[in-house]
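What follows is a short report on a single structure.
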Amino acid sequence: MIVDSESPHYPAEPTPNNQAALDSLVKLLDLEVIEVNIFRGASTDEDRQRVFGGQVAGQALVAAARTIDEPGRMVHSLHAYFLRPGDPTTPILYEVDRIRDGRSFTTRRVVAIQHGRAIFNLQASFHNEEAGLDHQLSMPTGLPDPESLPDFKTRNAPYADQLGDYYEQPRPIDLRYVNGDPMSRKGEKSTSQQVWLRTNGQLPDDPVLHACIVTYASDMTLLDTTILPFGMSWASGDVQMASLDHAMWFHRPFRADDWLLYDQRALSTSSARGLAGGAIFTSDGRLAISVVQEGLTRVGRT
């Protein structure tokens, strides 16, 4: 599915600091048990106005998975709503409602709470793997090798002064844009983008952790796609963007520490909301995950 490239080679960024950042992300997802069906999650030390949505979604999925007693039962879908901005200075409580435990399916509802109010709601369904029919959307062909594409530091070197400390931070997720980086493509109109992603280090062989890590990463670039038809970029600072809801369907096994292609399309943008769809493929062409997200796309009110 990947073509040979004569482009420069950009291997993964130096590993020690990035592996440490990945280990910190894994620790962030490792929730504290407070009581039966109640968990507490920390936030990062970053200077953010709100908690990153992918963090809350990933932690909520961890909370749901911690209450699954059937061995080998994996998440196959999740549907989530972002209700209020999360406070990055305060821990988040996750309350799990064990809605159903069936012979083949398990359903959980998770509410994330801060300051006595719900900030996030997730419903997830878990299923035993079964044999059956097999069909999938085809992966795009003729793509450049991900390591022929610039990593974060390489593509953002011209903006290092503008990005400040953010430029130097180690990163748990390695993102490689196939279609050009958000900082430089303002004014170029498109209805799609493609991003290669994987963790910046190795993960243990825990499929639940891999699902939670990709849930975290799936919120990183998808909503940006909804403003591409207008030649806009989140980097321009003239549009207010925030996730409203997020849905994922997990189809086939994958590893988050192997390269995954995130093929994204703008489906609709109207009424200050944008809807985008994404398909996440393994590097050998298997459709692993489908994603749909709607978010706020409010122009001129940043």
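To be explicit about the labels: the chains of the structure tokens are called A, B, and onward in the order shown, and within each one the residues are counted from 1, while ligands get numbers from 1 in the order they are shown.
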
Would you kindly return, as a PyMOL selection string, each protein, DNA or RNA residue with an atom no farther than 12 Å from any atom of Asp284 of chain A, considering only C-alpha atoms and excluding same-chain residues fewer than 3 positions away?
chain A and resi 1-3+138-141+143+145+254+258-261+280-281+287-288

Could you name the residues that touch segment 220-234 of chain A at 9 Å or less, counting only C-alpha atoms, but leaving out those on the same chain fewer than 4 positions away, as a PyMOL selection string?
chain A and resi 52-54+182-193+195+216+238-243+262+264-269+273-278+291-297

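Using only C-alpha atoms for every distance, the candidate list A:His79, A:Arg155, A:Arg103, A:His127 yields A:His79 as the residue closest to Ala57 of chain A.
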
Contacts of Val62 of chain A within 9 Å, only C-alpha atoms, excl. fewer than 6 positions in-chain, as a PyMOL selection string:
chain A and resi 29-31+208-209+212

Those residues with N, CA and C atoms, as a PDB file, in the first residue's frame please?
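Result written to part-v6.pdb:
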```
ATOM      1  N   LEU A  29      -3.244   7.282  31.524  1.00  0.00           N
ATOM      2  CA  LEU A  29      -4.424   6.457  31.261  1.00  0.00           C
ATOM      3  C   LEU A  29      -4.646   5.387  32.333  1.00  0.00           C
ATOM      4  N   ASP A  30      -3.695   5.228  33.231  1.00  0.00           N
ATOM      5  CA  ASP A  30      -3.791   4.204  34.277  1.00  0.00           C
ATOM      6  C   ASP A  30      -4.520   4.798  35.475  1.00  0.00           C
ATOM      7  N   LEU A  31      -5.833   4.659  35.513  1.00  0.00           N
ATOM      8  CA  LEU A  31      -6.670   5.346  36.483  1.00  0.00           C
ATOM      9  C   LEU A  31      -6.541   4.759  37.886  1.00  0.00           C
ATOM     10  N   VAL A 208      -6.232  -3.608  24.925  1.00  0.00           N
ATOM     11  CA  VAL A 208      -7.064  -2.550  25.498  1.00  0.00           C
ATOM     12  C   VAL A 208      -6.284  -1.235  25.549  1.00  0.00           C
ATOM     13  N   LEU A 209      -5.012  -1.309  25.973  1.00  0.00           N
ATOM     14  CA  LEU A 209      -4.184  -0.108  26.005  1.00  0.00           C
ATOM     15  C   LEU A 209      -4.012   0.476  24.608  1.00  0.00           C
ATOM     16  N   CYS A 212      -7.092   2.352  23.694  1.00  0.00           N
ATOM     17  CA  CYS A 212      -7.213   3.613  24.432  1.00  0.00           C
ATOM     18  C   CYS A 212      -6.242   4.662  23.906  1.00  0.00           C
TER      19      CYS A 212
END
```

Of the candidates A:Glu35, A:Glu130, A:Asp263, A:Asp151, which shows the shortest atom-to-atom distance to Arg171 of chain A, using only C-alpha atoms?
A:Asp151

One decimal place gives the atom CA of Asp181 of chain A-atom CA of Tyr167 of chain A separation as 14.3 Å

Among segment 45-190 of chain A, which ones does DSSP place in strand (DSSP E or B), written as a VMD selection string?
chain A and resid 74 to 82 92 to 101 105 to 114 117 to 127 143 to 144 173 to 177

Could you write out the selected residues, including N, CA and C atoms, as a tab-separated table (two decimals), in the first residue's frame?
```tsv
chain	number	residue	atom	x	y	z
A	74	MET	N	-13.44	-7.28	23.79
A	74	MET	CA	-12.82	-6.02	23.39
A	74	MET	C	-13.86	-4.99	22.96
A	75	VAL	N	-13.50	-3.71	23.13
A	75	VAL	CA	-14.39	-2.65	22.67
A	75	VAL	C	-14.57	-2.74	21.15
A	76	HIS	N	-15.81	-2.63	20.68
A	76	HIS	CA	-16.05	-2.58	19.24
A	76	HIS	C	-16.70	-1.27	18.82
A	77	SER	N	-17.24	-0.50	19.78
A	77	SER	CA	-17.76	0.82	19.42
A	77	SER	C	-17.84	1.69	20.65
A	78	LEU	N	-17.72	2.99	20.42
A	78	LEU	CA	-17.94	3.96	21.49
A	78	LEU	C	-18.58	5.20	20.90
A	79	HIS	N	-19.41	5.84	21.71
A	79	HIS	CA	-20.10	7.07	21.32
A	79	HIS	C	-20.00	8.03	22.50
A	80	ALA	N	-19.50	9.23	22.25
A	80	ALA	CA	-19.18	10.14	23.35
A	80	ALA	C	-19.64	11.55	23.04
A	81	TYR	N	-19.98	12.29	24.12
A	81	TYR	CA	-20.32	13.70	24.03
A	81	TYR	C	-19.41	14.49	24.97
A	82	PHE	N	-18.84	15.57	24.44
A	82	PHE	CA	-18.07	16.51	25.24
A	82	PHE	C	-19.05	17.58	25.73
A	92	ILE	N	-10.10	14.20	37.41
A	92	ILE	CA	-11.42	13.89	36.84
A	92	ILE	C	-11.91	12.58	37.43
A	93	LEU	N	-13.15	12.56	37.91
A	93	LEU	CA	-13.78	11.34	38.39
A	93	LEU	C	-14.56	10.68	37.26
A	94	TYR	N	-14.46	9.37	37.16
A	94	TYR	CA	-15.18	8.61	36.15
A	94	TYR	C	-16.10	7.61	36.84
A	95	GLU	N	-17.39	7.77	36.62
A	95	GLU	CA	-18.39	6.86	37.20
A	95	GLU	C	-18.89	5.93	36.09
A	96	VAL	N	-18.81	4.63	36.32
A	96	VAL	CA	-19.18	3.64	35.32
A	96	VAL	C	-20.51	3.01	35.70
A	97	ASP	N	-21.43	2.97	34.77
A	97	ASP	CA	-22.72	2.30	34.92
A	97	ASP	C	-22.67	1.00	34.12
A	98	ARG	N	-22.78	-0.13	34.79
A	98	ARG	CA	-22.73	-1.43	34.13
A	98	ARG	C	-24.11	-1.74	33.54
A	99	ILE	N	-24.37	-1.20	32.38
A	99	ILE	CA	-25.70	-1.28	31.80
A	99	ILE	C	-26.10	-2.71	31.46
A	100	ARG	N	-25.19	-3.46	30.84
A	100	ARG	CA	-25.56	-4.82	30.41
A	100	ARG	C	-24.33	-5.70	30.32
A	101	ASP	N	-24.47	-6.94	30.80
A	101	ASP	CA	-23.48	-7.99	30.63
A	101	ASP	C	-24.17	-9.18	29.99
A	105	PHE	N	-22.08	-9.61	24.26
A	105	PHE	CA	-21.86	-8.17	24.30
A	105	PHE	C	-21.94	-7.64	25.73
A	106	THR	N	-21.16	-6.61	25.98
A	106	THR	CA	-21.19	-5.89	27.25
A	106	THR	C	-21.31	-4.41	26.95
A	107	THR	N	-22.18	-3.70	27.68
A	107	THR	CA	-22.39	-2.27	27.46
A	107	THR	C	-22.10	-1.50	28.74
A	108	ARG	N	-21.36	-0.42	28.58
A	108	ARG	CA	-21.02	0.44	29.71
A	108	ARG	C	-21.32	1.90	29.38
A	109	ARG	N	-21.74	2.64	30.41
A	109	ARG	CA	-21.87	4.09	30.30
A	109	ARG	C	-20.92	4.71	31.31
A	110	VAL	N	-20.17	5.73	30.88
A	110	VAL	CA	-19.19	6.39	31.74
A	110	VAL	C	-19.48	7.89	31.74
A	111	VAL	N	-19.55	8.47	32.92
A	111	VAL	CA	-19.70	9.92	33.06
A	111	VAL	C	-18.45	10.47	33.74
A	112	ALA	N	-17.83	11.46	33.11
A	112	ALA	CA	-16.67	12.13	33.69
A	112	ALA	C	-17.14	13.38	34.42
A	113	ILE	N	-16.66	13.57	35.66
A	113	ILE	CA	-17.18	14.63	36.52
A	113	ILE	C	-16.03	15.47	37.07
A	114	GLN	N	-16.23	16.78	37.03
A	114	GLN	CA	-15.35	17.74	37.70
A	114	GLN	C	-16.20	18.81	38.37
A	117	ARG	N	-19.97	18.52	38.34
A	117	ARG	CA	-20.76	18.56	37.10
A	117	ARG	C	-20.16	17.62	36.05
A	118	ALA	N	-21.04	17.05	35.23
A	118	ALA	CA	-20.60	16.17	34.15
A	118	ALA	C	-19.92	16.99	33.07
A	119	ILE	N	-18.72	16.55	32.65
A	119	ILE	CA	-18.03	17.24	31.56
A	119	ILE	C	-17.98	16.37	30.30
A	120	PHE	N	-18.30	15.07	30.44
A	120	PHE	CA	-18.13	14.14	29.32
A	120	PHE	C	-18.98	12.91	29.60
A	121	ASN	N	-19.56	12.36	28.54
A	121	ASN	CA	-20.37	11.16	28.64
A	121	ASN	C	-19.98	10.20	27.54
A	122	LEU	N	-19.77	8.93	27.90
A	122	LEU	CA	-19.37	7.92	26.92
A	122	LEU	C	-20.21	6.67	27.10
A	123	GLN	N	-20.64	6.09	25.98
A	123	GLN	CA	-21.19	4.74	25.99
A	123	GLN	C	-20.32	3.87	25.11
A	124	ALA	N	-19.98	2.70	25.61
A	124	ALA	CA	-19.10	1.79	24.87
A	124	ALA	C	-19.68	0.39	24.92
A	125	SER	N	-19.48	-0.33	23.82
A	125	SER	CA	-19.94	-1.71	23.71
A	125	SER	C	-18.74	-2.60	23.46
A	126	PHE	N	-18.71	-3.74	24.13
A	126	PHE	CA	-17.61	-4.70	24.03
A	126	PHE	C	-18.16	-6.03	23.51
A	127	HIS	N	-17.37	-6.74	22.73
A	127	HIS	CA	-17.85	-7.94	22.02
A	127	HIS	C	-16.75	-8.98	21.96
A	143	LEU	N	0.72	5.82	-1.49
A	143	LEU	CA	1.06	6.75	-0.43
A	143	LEU	C	2.57	6.75	-0.16
A	144	PRO	N	3.11	7.88	0.26
A	144	PRO	CA	4.52	7.90	0.63
A	144	PRO	C	4.75	7.14	1.92
A	173	ILE	N	3.01	10.85	20.62
A	173	ILE	CA	2.44	10.42	19.34
A	173	ILE	C	3.20	11.10	18.21
A	174	ASP	N	3.65	10.30	17.25
A	174	ASP	CA	4.35	10.80	16.06
A	174	ASP	C	3.33	10.95	14.93
A	175	LEU	N	3.10	12.18	14.48
A	175	LEU	CA	2.15	12.48	13.41
A	175	LEU	C	2.91	12.93	12.18
A	176	ARG	N	2.61	12.34	11.02
A	176	ARG	CA	3.25	12.72	9.76
A	176	ARG	C	2.15	13.06	8.74
A	177	TYR	N	2.08	14.32	8.34
A	177	TYR	CA	1.06	14.78	7.39
A	177	TYR	C	1.46	14.42	5.96
```

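For the pair atom CA of Pro170 of chain A and atom CA of Ala42 of chain A, the separation is 19.1 Å.
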
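Across segment 31-107 of chain A, DSSP run on the backbone finds helix (DSSP H, G or I) at A:Gly53, A:Gly54, A:Gln55, A:Val56, A:Ala57, A:Gly58, A:Gln59, A:Ala60, A:Leu61, A:Val62, A:Ala63, A:Ala64, A:Ala65.
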
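Between atom CA of Val214 of chain A and atom CA of Asn37 of chain A there is a distance of 23.4 Å.
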
Go through A:Gln194, A:Gln55, A:Gln49, A:Thr282 one by one, measure the shortest atom-to-atom distance of each to Ala217 of chain A using only C-alpha atoms, and give the residue with the smallest value.
A:Gln55
